[in-house]
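Input: a single structure, listed below in structure tokens.
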Amino acid sequence: MSDVPIMKLDGRTVLVTGGAGFIGSHLVDALQNCRVRILDDLSTGRTANLASACQRPDVSLIRGDIRDRECVAKALDGVDAIFHLACRGVRHSIGNPLENHEVNATGTLVLLSEARRAGVQRFLHVSSSEVYGTARQVPMDEDHPTFPETVYGASKLAGECCARAFHRTYGFPSIIVRPFNNFGPRSHHEGDSGEVIPRFVVWALNGRAPIIFGDGTQTRDFIYVEDTAFWLIRAAECDDLIGQTINLGSGEETAIGTLAEMVCQEVAKTRILPEYRPPRPGDVQRHRADVSRARKLLDFRPRFSLAAGISRVAQYFRERPESAAALLDQMQPVNWTDASPARADEASLPAPKRGALIPITIPFLGKEEEEAITAVVRTGWVSQGPRVAEFERIVADYCGVQEAWPCRVVRLPCTCRCSSSGSLPETK
Ligand SMILES: NC(=O)c1ccc[n+]([C@@H]2O[C@H](COP(=O)([O-])OP(=O)(O)OC[C@H]3O[C@@H](n4cnc5c(N)ncnc54)[C@H](O)[C@@H]3O)[C@@H](O)[C@H]2O)c1
């Protein structure tokens with residue numbers, strides 16, 4: 001290992017795409033001796049994740065989209081190395097396959113192409129164990145077949161294929177890393193980004209039963225996020241990894257049912273029986289990494305056990321400014337079907353001509369709208385969430401009219417609008 005040639009990143013300028021996200025922000029924290037530029041559209045990332053990083057004068061954040069060539073070109077000015085983490089997640093892909101592919105696959109291609117033009121010396125592509133799909137044999141080494149179950153897995157595979165192709169075609173110095181399931185502070189519990197460990201923690205903090213999709217026998221290989229950040233840097237520095245692919249995992253598998261018990265014991269100090277629901281679409285059944293290649297080339301050894309990591313996640317959520325109940329409110333029991341299927345994808349389709357059929361049967365209601373409607377019923381006041389306003393605008397554009405209102409019964413919104421403007425429905 002000591003003989004492996006390396007390109008030290010110390011003192012260099014490094015771009016981290018997705019650096020305001022869960023893993024990206026830990027990576028930024030670990031890149032202590034570099035000038036770090038972050039490119040993030042803050043779609044799922046949070047500036048709060050960068051609270052300590054932003055104290056450093058050598059860290060800067062550019063809010064922008066990796067699909068935007070101009071913005072990427074500016075972000076790349078003077079950059080020596082890239083860690084590419086920006087992506088939309090696995091559950092997002094179930095309701096928004098087109099957008100998911102555009103960011104994860106096309107966005108990666110845009111970045112590669114601009115990085116090559118800018119003469120970047122190292123491109124570390126953060127892929128995912130989801131490219132494998134369910135294990136055909138365990139442990140899964142890097143030559144395990146890739147049959148992703150979801151569009152997320154497929155788009156991550158497309159991204160890594162492009163990174164590999166850039167190396168083979170142009171000699172571009174790309175490296176592909178496939179992390180397995182990450183967990184740790186700053187992991188998402190909310191929305192469609194919500195991951196299993198933080199969700200179990202938040203339920204347990206509220207004394208609630210963890211919800212398991214499927215029978216709980218499905219397994220994952222969990223790696224603590226600070227380990228991932230540390231080994232991503234070592235991987236980027238390793239010249240022998242150029243054009244190569246490596247796994248980063250613990251090498252152990254844990255059943256989701258067992259994980260639920262571990263979290264409940266750690267957080268609630270008692271056993272809470274889980275609630276079982278039908279399996280999530282596209283859920284992989286089994287994952288366990290073979291990390292021999294990382295061991296051989298990097299002397300890879302994870303430092304944190306699953307139990308120690310769970311305790312740190314629990315501590316992180318206990319210290320958050322929100323109450324346990326408020327954290328629970330930010331989660332939906334099912335965190336993929338509420339993603340308003342096809343909203344973003346439909347919006348990106350060419351608008352049909354005036355009078356054409358519009359997709360009015362697509363359920364556009366998200367959690368905010370459900371909550372807003374419930375609030376209206378309770379208070380008697382008229383209210384609506386931002387997604388309804390967005391929906392109204394899209395439908396109005398489709399139809400070429402000034403305004404559109406979503407409703408099951410037309411009379412109610414008409415009456416509201418007309419009375420608020422001082423005219424009766426009959427006169428409109
Ligand atoms: N979390 C895991 O368990 C895990 C496992 C394996 C691989 N990965 C990979 O690690 C990377 C980071 O994942 P994470 O868990 O930190 O997710 P995350 O959602 O916390 O981070 C992704 C970041 O990318 C940003 N982003 C999304 N679309 C963007 C766009 N179009 N332009 C610019 N920025 C954009 C988001 O705002 C966010 O900050 C991803 O590439 C993911 O595929 C994650």
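Here's how to read the names in the structure tokens: chain A, B, ... by the order shown, residue numbers from 1 in each chain, ligand numbers from 1 in the order shown.
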Would you write out, as JSON lines, a table of all residues in chain A that have an atom no more than 7 Å from an atom of ligand 1, listing for each the closest atom pair and the distance in Å to one decimal, considering only C-alpha atoms and all ligand atoms and ordering rows by chain and rising residue number?
{"residue": "A:Thr17", "atom": "CA", "partner": "ligand 1", "partner_atom_place_in_ligand_line": "34 (N)", "distance": 6.1}
{"residue": "A:Gly18", "atom": "CA", "partner": "ligand 1", "partner_atom_place_in_ligand_line": "24 (O)", "distance": 3.4}
{"residue": "A:Gly19", "atom": "CA", "partner": "ligand 1", "partner_atom_place_in_ligand_line": "39 (O)", "distance": 5.7}
{"residue": "A:Ala20", "atom": "CA", "partner": "ligand 1", "partner_atom_place_in_ligand_line": "39 (O)", "distance": 4.2}
{"residue": "A:Gly21", "atom": "CA", "partner": "ligand 1", "partner_atom_place_in_ligand_line": "39 (O)", "distance": 3.2}
{"residue": "A:Phe22", "atom": "CA", "partner": "ligand 1", "partner_atom_place_in_ligand_line": "16 (O)", "distance": 3.7}
{"residue": "A:Ile23", "atom": "CA", "partner": "ligand 1", "partner_atom_place_in_ligand_line": "16 (O)", "distance": 3.7}
{"residue": "A:Gly24", "atom": "CA", "partner": "ligand 1", "partner_atom_place_in_ligand_line": "16 (O)", "distance": 5.4}
{"residue": "A:Leu39", "atom": "CA", "partner": "ligand 1", "partner_atom_place_in_ligand_line": "33 (C)", "distance": 5.9}
{"residue": "A:Asp40", "atom": "CA", "partner": "ligand 1", "partner_atom_place_in_ligand_line": "34 (N)", "distance": 3.6}
{"residue": "A:Asp41", "atom": "CA", "partner": "ligand 1", "partner_atom_place_in_ligand_line": "34 (N)", "distance": 4.2}
{"residue": "A:Leu42", "atom": "CA", "partner": "ligand 1", "partner_atom_place_in_ligand_line": "37 (O)", "distance": 3.6}
{"residue": "A:Ser43", "atom": "CA", "partner": "ligand 1", "partner_atom_place_in_ligand_line": "37 (O)", "distance": 3.9}
{"residue": "A:Thr44", "atom": "CA", "partner": "ligand 1", "partner_atom_place_in_ligand_line": "37 (O)", "distance": 4.0}
{"residue": "A:Gly45", "atom": "CA", "partner": "ligand 1", "partner_atom_place_in_ligand_line": "39 (O)", "distance": 3.1}
{"residue": "A:Arg46", "atom": "CA", "partner": "ligand 1", "partner_atom_place_in_ligand_line": "39 (O)", "distance": 6.5}
{"residue": "A:Gly64", "atom": "CA", "partner": "ligand 1", "partner_atom_place_in_ligand_line": "33 (C)", "distance": 5.7}
{"residue": "A:Asp65", "atom": "CA", "partner": "ligand 1", "partner_atom_place_in_ligand_line": "32 (N)", "distance": 3.4}
{"residue": "A:Ile66", "atom": "CA", "partner": "ligand 1", "partner_atom_place_in_ligand_line": "32 (N)", "distance": 4.1}
{"residue": "A:Arg67", "atom": "CA", "partner": "ligand 1", "partner_atom_place_in_ligand_line": "31 (N)", "distance": 6.0}
{"residue": "A:His84", "atom": "CA", "partner": "ligand 1", "partner_atom_place_in_ligand_line": "41 (O)", "distance": 6.8}
{"residue": "A:Leu85", "atom": "CA", "partner": "ligand 1", "partner_atom_place_in_ligand_line": "41 (O)", "distance": 3.8}
{"residue": "A:Ala86", "atom": "CA", "partner": "ligand 1", "partner_atom_place_in_ligand_line": "24 (O)", "distance": 3.3}
{"residue": "A:Cys87", "atom": "CA", "partner": "ligand 1", "partner_atom_place_in_ligand_line": "27 (C)", "distance": 4.4}
{"residue": "A:Arg88", "atom": "CA", "partner": "ligand 1", "partner_atom_place_in_ligand_line": "27 (C)", "distance": 5.1}
{"residue": "A:Gly89", "atom": "CA", "partner": "ligand 1", "partner_atom_place_in_ligand_line": "19 (O)", "distance": 6.2}
{"residue": "A:Val103", "atom": "CA", "partner": "ligand 1", "partner_atom_place_in_ligand_line": "31 (N)", "distance": 5.0}
{"residue": "A:Gly107", "atom": "CA", "partner": "ligand 1", "partner_atom_place_in_ligand_line": "31 (N)", "distance": 6.8}
{"residue": "A:Val126", "atom": "CA", "partner": "ligand 1", "partner_atom_place_in_ligand_line": "41 (O)", "distance": 5.2}
{"residue": "A:Ser127", "atom": "CA", "partner": "ligand 1", "partner_atom_place_in_ligand_line": "43 (O)", "distance": 5.4}
{"residue": "A:Ser128", "atom": "CA", "partner": "ligand 1", "partner_atom_place_in_ligand_line": "7 (C)", "distance": 3.8}
{"residue": "A:Ser129", "atom": "CA", "partner": "ligand 1", "partner_atom_place_in_ligand_line": "6 (C)", "distance": 5.8}
{"residue": "A:Lys156", "atom": "CA", "partner": "ligand 1", "partner_atom_place_in_ligand_line": "43 (O)", "distance": 6.7}
{"residue": "A:Arg178", "atom": "CA", "partner": "ligand 1", "partner_atom_place_in_ligand_line": "7 (C)", "distance": 6.3}
{"residue": "A:Pro179", "atom": "CA", "partner": "ligand 1", "partner_atom_place_in_ligand_line": "6 (C)", "distance": 4.4}
{"residue": "A:Phe180", "atom": "CA", "partner": "ligand 1", "partner_atom_place_in_ligand_line": "6 (C)", "distance": 4.9}
{"residue": "A:Asn181", "atom": "CA", "partner": "ligand 1", "partner_atom_place_in_ligand_line": "3 (O)", "distance": 3.7}
{"residue": "A:Asn182", "atom": "CA", "partner": "ligand 1", "partner_atom_place_in_ligand_line": "3 (O)", "distance": 3.7}
{"residue": "A:Phe183", "atom": "CA", "partner": "ligand 1", "partner_atom_place_in_ligand_line": "3 (O)", "distance": 6.4}
{"residue": "A:Ser187", "atom": "CA", "partner": "ligand 1", "partner_atom_place_in_ligand_line": "20 (O)", "distance": 6.9}
{"residue": "A:His188", "atom": "CA", "partner": "ligand 1", "partner_atom_place_in_ligand_line": "20 (O)", "distance": 6.8}
{"residue": "A:Ser193", "atom": "CA", "partner": "ligand 1", "partner_atom_place_in_ligand_line": "19 (O)", "distance": 6.4}
Compile the contact shell of Asp221 in chain A as a compact mmCIF listing (two decimals) with C-alpha atoms, in the first residue's frame: residues with an atom at most 10 Å away, counting only C-alpha atoms, same-chain residues fewer than 2 positions apart removed.
# COMPACT_ATOMS: atom_id res chain seq x y z
CA SER A 129 -24.31 -0.20 -4.88
CA PRO A 179 -20.56 3.14 -1.81
CA PHE A 180 -23.08 0.83 -0.14
CA ASN A 181 -25.74 2.22 2.25
CA ASN A 182 -24.44 5.24 4.13
CA THR A 219 -30.39 -6.94 3.93
CA ILE A 223 -21.07 2.09 6.08
CA LEU A 248 -16.94 0.92 -0.28
CA GLY A 249 -18.95 -1.01 2.30
CA SER A 250 -18.51 -2.69 5.66
CA GLY A 251 -18.44 -6.17 4.13
CA GLU A 252 -21.27 -7.18 6.49
CA GLU A 253 -24.99 -7.46 5.88
CA THR A 254 -27.77 -6.55 8.29
CA ALA A 255 -31.44 -7.47 7.89
CA ARG A 286 -29.84 -8.51 -0.52
CA HIS A 287 -26.59 -6.47 -0.48
CA ARG A 288 -23.20 -7.27 0.97
CA ALA A 289 -20.02 -5.76 -0.40
CA LEU A 306 -23.05 -0.12 12.92
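With only C-alpha atoms as the atoms that count, the minimum distance from Glu130 in chain A to the choices A:Leu109, A:Val267, A:Ala396, A:Val90 is reached by A:Val90.
Distances to Asp58 in chain A were evaluated for A:Glu275, A:Asp290, A:Asp29, A:Asp77 using only C-alpha atoms, and the minimum falls at A:Asp29.
The nearest approach to Thr13 in chain A among the residues A:Ala81, A:Ile233, A:Leu61, A:Val28, with only C-alpha atoms taken into account, belongs to A:Ala81.
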Open item on the list: I'd like to know which of A:His167, A:Arg303, A:Arg318, A:Arg234 is closest to Gln121 in chain A, using only C-alpha atoms.
Closed with: A:His167
Can you tell me, as a compact mmCIF listing (two decimals) with N, CA and C atoms, in the first residue's frame, what residues are no more than 9 Å from Leu112 in chain A when counting only C-alpha atoms, ignoring any on the same chain fewer than 5 positions away?
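This went into result36.txt:
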# COMPACT_ATOMS: atom_id res chain seq x y z
N GLY A 107 -26.58 14.84 -16.36
CA GLY A 107 -25.80 15.79 -15.56
C GLY A 107 -24.35 15.33 -15.43
N ARG A 117 -12.70 19.44 -20.81
CA ARG A 117 -12.34 20.69 -21.48
C ARG A 117 -11.47 21.58 -20.56
N PHE A 123 -11.14 12.89 -11.56
CA PHE A 123 -12.61 12.94 -11.51
C PHE A 123 -13.07 11.71 -10.75
N CYS A 162 -20.40 6.44 -18.43
CA CYS A 162 -19.83 7.61 -19.13
C CYS A 162 -18.47 7.95 -18.55
N ALA A 163 -18.34 7.90 -17.21
CA ALA A 163 -17.05 8.22 -16.58
C ALA A 163 -15.98 7.23 -17.05
N PHE A 166 -15.11 7.91 -20.74
CA PHE A 166 -14.22 9.07 -20.89
C PHE A 166 -12.77 8.66 -20.65
N PHE A 172 -9.15 10.18 -19.98
CA PHE A 172 -9.54 11.10 -18.90
C PHE A 172 -9.40 10.38 -17.55
N SER A 174 -10.61 9.31 -14.71
CA SER A 174 -11.79 9.10 -13.86
C SER A 174 -11.64 7.84 -13.01
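Nearest to Ala51 in chain A of all the residues A:Ala154, A:Val225, A:Arg186, A:Asp68 is A:Arg186, counting only C-alpha atoms.
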Open item on the list: Env of range 208-216 of chain A: 6 Å cut, atoms = only C-alpha atoms, seq-sep filter 5 positions within chain, self excluded. Answer as a ChimeraX atom specification.
Closed with: /A:200,203,256-257,272,274-280
Dump as a PDB file, in the first residue's frame, selection limited to N, CA and C atoms:
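File produced: result.pdb:
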ATOM      1  N   PHE A 200     -36.079   5.246  11.207  1.00  0.00           N
ATOM      2  CA  PHE A 200     -36.268   4.406  12.398  1.00  0.00           C
ATOM      3  C   PHE A 200     -35.982   5.211  13.664  1.00  0.00           C
ATOM      4  N   TRP A 203     -38.883   7.658  14.382  1.00  0.00           N
ATOM      5  CA  TRP A 203     -40.050   6.940  14.923  1.00  0.00           C
ATOM      6  C   TRP A 203     -39.799   6.546  16.374  1.00  0.00           C
ATOM      7  N   ILE A 256     -33.096  -5.719   7.686  1.00  0.00           N
ATOM      8  CA  ILE A 256     -33.809  -4.502   8.101  1.00  0.00           C
ATOM      9  C   ILE A 256     -34.582  -4.745   9.404  1.00  0.00           C
ATOM     10  N   GLY A 257     -35.109  -5.961   9.577  1.00  0.00           N
ATOM     11  CA  GLY A 257     -35.795  -6.296  10.837  1.00  0.00           C
ATOM     12  C   GLY A 257     -34.842  -6.194  12.025  1.00  0.00           C
ATOM     13  N   ILE A 272     -39.748  -2.301  20.385  1.00  0.00           N
ATOM     14  CA  ILE A 272     -41.040  -1.861  19.830  1.00  0.00           C
ATOM     15  C   ILE A 272     -41.301  -2.724  18.606  1.00  0.00           C
ATOM     16  N   PRO A 274     -42.249  -3.795  15.093  1.00  0.00           N
ATOM     17  CA  PRO A 274     -42.414  -3.007  13.864  1.00  0.00           C
ATOM     18  C   PRO A 274     -43.786  -3.189  13.233  1.00  0.00           C
ATOM     19  N   GLU A 275     -44.134  -2.218  12.393  1.00  0.00           N
ATOM     20  CA  GLU A 275     -45.368  -2.330  11.613  1.00  0.00           C
ATOM     21  C   GLU A 275     -44.928  -2.735  10.199  1.00  0.00           C
ATOM     22  N   TYR A 276     -45.534  -3.782   9.659  1.00  0.00           N
ATOM     23  CA  TYR A 276     -45.114  -4.259   8.334  1.00  0.00           C
ATOM     24  C   TYR A 276     -46.075  -3.751   7.255  1.00  0.00           C
ATOM     25  N   ARG A 277     -45.504  -3.286   6.155  1.00  0.00           N
ATOM     26  CA  ARG A 277     -46.305  -2.822   5.006  1.00  0.00           C
ATOM     27  C   ARG A 277     -45.818  -3.550   3.760  1.00  0.00           C
ATOM     28  N   PRO A 278     -46.575  -3.492   2.646  1.00  0.00           N
ATOM     29  CA  PRO A 278     -46.122  -4.157   1.410  1.00  0.00           C
ATOM     30  C   PRO A 278     -44.752  -3.618   0.966  1.00  0.00           C
ATOM     31  N   PRO A 279     -43.968  -4.455   0.274  1.00  0.00           N
ATOM     32  CA  PRO A 279     -42.605  -4.025  -0.101  1.00  0.00           C
ATOM     33  C   PRO A 279     -42.599  -2.786  -0.982  1.00  0.00           C
ATOM     34  N   ARG A 280     -41.495  -2.046  -0.904  1.00  0.00           N
ATOM     35  CA  ARG A 280     -41.321  -0.879  -1.769  1.00  0.00           C
ATOM     36  C   ARG A 280     -41.022  -1.350  -3.185  1.00  0.00           C
TER      37      ARG A 280
END
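Compared by their closest atoms to Glu70 in chain A, and using only C-alpha atoms, the residues A:Ile246, A:Glu114, A:Val151, A:Asp192 rank with A:Glu114 nearest.
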Just want the 10 Å neighbourhood of Val263 in chain A, counted on only C-alpha atoms, with same-chain residues fewer than 6 positions away dropped. Output as a short mmCIF file (atom, residue, chain, number, x, y, z; two decimals) with N, CA and C atoms, in the first residue's frame.
data_model
loop_
_atom_site.label_atom_id
_atom_site.label_comp_id
_atom_site.auth_asym_id
_atom_site.auth_seq_id
_atom_site.Cartn_x
_atom_site.Cartn_y
_atom_site.Cartn_z
N ILE A 197 -32.30 4.32 8.40
CA ILE A 197 -31.84 4.50 9.79
C ILE A 197 -32.40 5.78 10.42
N PRO A 198 -32.27 6.95 9.76
CA PRO A 198 -32.85 8.15 10.39
C PRO A 198 -34.37 8.04 10.57
N ARG A 199 -35.06 7.37 9.66
CA ARG A 199 -36.51 7.22 9.83
C ARG A 199 -36.82 6.35 11.06
N PHE A 200 -36.08 5.25 11.21
CA PHE A 200 -36.27 4.41 12.40
C PHE A 200 -35.98 5.21 13.66
N VAL A 201 -34.93 6.04 13.62
CA VAL A 201 -34.56 6.84 14.80
C VAL A 201 -35.69 7.80 15.15
N VAL A 202 -36.23 8.49 14.15
CA VAL A 202 -37.27 9.49 14.43
C VAL A 202 -38.54 8.80 14.95
N TRP A 203 -38.88 7.66 14.38
CA TRP A 203 -40.05 6.94 14.92
C TRP A 203 -39.80 6.55 16.37
N ALA A 204 -38.60 6.01 16.64
CA ALA A 204 -38.30 5.55 18.01
C ALA A 204 -38.27 6.72 18.99
N LEU A 205 -37.76 7.89 18.57
CA LEU A 205 -37.74 9.06 19.45
C LEU A 205 -39.17 9.47 19.83
N PRO A 210 -41.40 1.28 14.22
CA PRO A 210 -40.78 1.49 12.91
C PRO A 210 -41.62 0.81 11.83
N LYS A 269 -34.71 2.43 24.23
CA LYS A 269 -34.27 1.52 25.30
C LYS A 269 -35.28 0.41 25.56
N THR A 270 -36.04 0.08 24.57
CA THR A 270 -37.02 -0.99 24.72
C THR A 270 -37.30 -1.60 23.35
N ARG A 271 -38.02 -2.71 23.34
CA ARG A 271 -38.36 -3.35 22.08
C ARG A 271 -39.71 -2.79 21.61
N ILE A 272 -39.75 -2.30 20.38
CA ILE A 272 -41.04 -1.86 19.83
C ILE A 272 -41.30 -2.72 18.61
N ALA A 307 -23.37 -0.31 15.34
CA ALA A 307 -23.92 0.10 16.64
C ALA A 307 -23.41 1.49 17.04
N ILE A 310 -25.13 4.11 14.85
CA ILE A 310 -26.54 4.34 15.20
C ILE A 310 -26.62 5.27 16.41
N SER A 311 -25.74 5.04 17.36
CA SER A 311 -25.77 5.88 18.56
C SER A 311 -25.46 7.34 18.19
N VAL A 313 -26.12 8.75 15.24
CA VAL A 313 -27.29 9.29 14.53
C VAL A 313 -28.35 9.71 15.54
N ALA A 314 -28.57 8.84 16.54
CA ALA A 314 -29.59 9.14 17.55
C ALA A 314 -29.23 10.45 18.27
#
- [ ] Name the residues of range 186-370 of chain A that fall into helix (DSSP H, G or I) according to DSSP on the backbone, using the chain letters and numbers of this document, as a PyMOL selection string.
- [x] chain A and resi 191-193+196-205+225-237+239-241+256-268+292-298+306-318+324-329+343-347+367-370
- [ ] Going by DSSP on the backbone, which bits of range 228-307 of chain A are strand (DSSP E or B)? Write them as a list in words, please.
- [x] Cys238, Thr245, Ile246, Asn247, Leu248, Thr254, Ala255, Glu275, Tyr276, Arg277 and Ala289 of chain A
Output the selection as a PDB file, in the first residue's frame - N, CA and C atoms for each residue.
ATOM      1  N   CYS A 238      -5.401   8.005  -5.266  1.00  0.00           N
ATOM      2  CA  CYS A 238      -4.684   6.785  -5.669  1.00  0.00           C
ATOM      3  C   CYS A 238      -4.585   6.677  -7.199  1.00  0.00           C
ATOM      4  N   THR A 245     -12.889   0.658 -10.793  1.00  0.00           N
ATOM      5  CA  THR A 245     -14.115   0.759  -9.999  1.00  0.00           C
ATOM      6  C   THR A 245     -13.880   0.056  -8.664  1.00  0.00           C
ATOM      7  N   ILE A 246     -14.266   0.707  -7.552  1.00  0.00           N
ATOM      8  CA  ILE A 246     -14.161  -0.012  -6.261  1.00  0.00           C
ATOM      9  C   ILE A 246     -15.419   0.159  -5.415  1.00  0.00           C
ATOM     10  N   ASN A 247     -15.680  -0.884  -4.628  1.00  0.00           N
ATOM     11  CA  ASN A 247     -16.762  -0.859  -3.638  1.00  0.00           C
ATOM     12  C   ASN A 247     -16.278  -0.204  -2.351  1.00  0.00           C
ATOM     13  N   LEU A 248     -17.190   0.485  -1.665  1.00  0.00           N
ATOM     14  CA  LEU A 248     -16.938   0.922  -0.282  1.00  0.00           C
ATOM     15  C   LEU A 248     -18.118   0.460   0.560  1.00  0.00           C
ATOM     16  N   THR A 254     -26.854  -6.619   7.150  1.00  0.00           N
ATOM     17  CA  THR A 254     -27.772  -6.550   8.294  1.00  0.00           C
ATOM     18  C   THR A 254     -29.192  -6.561   7.756  1.00  0.00           C
ATOM     19  N   ALA A 255     -30.027  -7.430   8.318  1.00  0.00           N
ATOM     20  CA  ALA A 255     -31.437  -7.469   7.892  1.00  0.00           C
ATOM     21  C   ALA A 255     -32.158  -6.239   8.444  1.00  0.00           C
ATOM     22  N   GLU A 275     -44.134  -2.218  12.393  1.00  0.00           N
ATOM     23  CA  GLU A 275     -45.368  -2.330  11.613  1.00  0.00           C
ATOM     24  C   GLU A 275     -44.928  -2.735  10.199  1.00  0.00           C
ATOM     25  N   TYR A 276     -45.534  -3.782   9.659  1.00  0.00           N
ATOM     26  CA  TYR A 276     -45.114  -4.259   8.334  1.00  0.00           C
ATOM     27  C   TYR A 276     -46.075  -3.751   7.255  1.00  0.00           C
ATOM     28  N   ARG A 277     -45.504  -3.286   6.155  1.00  0.00           N
ATOM     29  CA  ARG A 277     -46.305  -2.822   5.006  1.00  0.00           C
ATOM     30  C   ARG A 277     -45.818  -3.550   3.760  1.00  0.00           C
ATOM     31  N   ALA A 289     -21.161  -6.121   0.445  1.00  0.00           N
ATOM     32  CA  ALA A 289     -20.015  -5.762  -0.399  1.00  0.00           C
ATOM     33  C   ALA A 289     -18.831  -6.690  -0.187  1.00  0.00           C
TER      34      ALA A 289
END
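Taking CA of Glu266 in chain A and CA of Val284 in chain A as endpoints, the distance between them is 26.0 Å.
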What lies within 9 Å of Leu27 in chain A using only C-alpha atoms, ignoring chain neighbours under 6 positions off, as a JSON list (two decimals) with N, CA and C atoms, in the first residue's frame?
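Okay, part29.json is ready:
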[["chain", "number", "residue", "atom", "x", "y", "z"],
["A", 16, "VAL", "N", -16.67, 19.91, -5.25],
["A", 16, "VAL", "CA", -17.54, 18.84, -4.75],
["A", 16, "VAL", "C", -18.96, 19.15, -5.23],
["A", 19, "GLY", "N", -22.22, 19.00, -2.64],
["A", 19, "GLY", "CA", -21.48, 19.17, -1.38],
["A", 19, "GLY", "C", -22.33, 19.65, -0.22],
["A", 83, "PHE", "N", -15.00, 15.75, -7.01],
["A", 83, "PHE", "CA", -15.75, 14.66, -6.40],
["A", 83, "PHE", "C", -17.19, 14.88, -6.85],
["A", 225, "VAL", "N", -20.87, 7.36, 7.44],
["A", 225, "VAL", "CA", -20.57, 8.40, 6.47],
["A", 225, "VAL", "C", -19.15, 9.00, 6.61],
["A", 226, "GLU", "N", -18.65, 9.09, 7.83],
["A", 226, "GLU", "CA", -17.29, 9.65, 7.98],
["A", 226, "GLU", "C", -16.25, 8.71, 7.41],
["A", 228, "THR", "N", -16.87, 6.81, 4.76],
["A", 228, "THR", "CA", -16.99, 7.03, 3.32],
["A", 228, "THR", "C", -16.20, 8.26, 2.90],
["A", 229, "ALA", "N", -16.39, 9.37, 3.62],
["A", 229, "ALA", "CA", -15.71, 10.62, 3.26],
["A", 229, "ALA", "C", -14.20, 10.42, 3.25],
["A", 230, "PHE", "N", -13.70, 9.77, 4.31],
["A", 230, "PHE", "CA", -12.25, 9.56, 4.43],
["A", 230, "PHE", "C", -11.72, 8.72, 3.27],
["A", 232, "LEU", "N", -13.15, 8.14, 0.32],
["A", 232, "LEU", "CA", -13.33, 8.77, -1.01],
["A", 232, "LEU", "C", -12.08, 9.61, -1.32],
["A", 233, "ILE", "N", -11.56, 10.29, -0.32],
["A", 233, "ILE", "CA", -10.37, 11.11, -0.54],
["A", 233, "ILE", "C", -9.16, 10.23, -0.87]]
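Here CA of Arg91 in chain A is placed at a distance of 7.9 Å from CA of Tyr152 in chain A.
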Task: Distance in Å - CA of Ile394 in chain A versus CA of Val72 in chain A - done: 28.5 Å
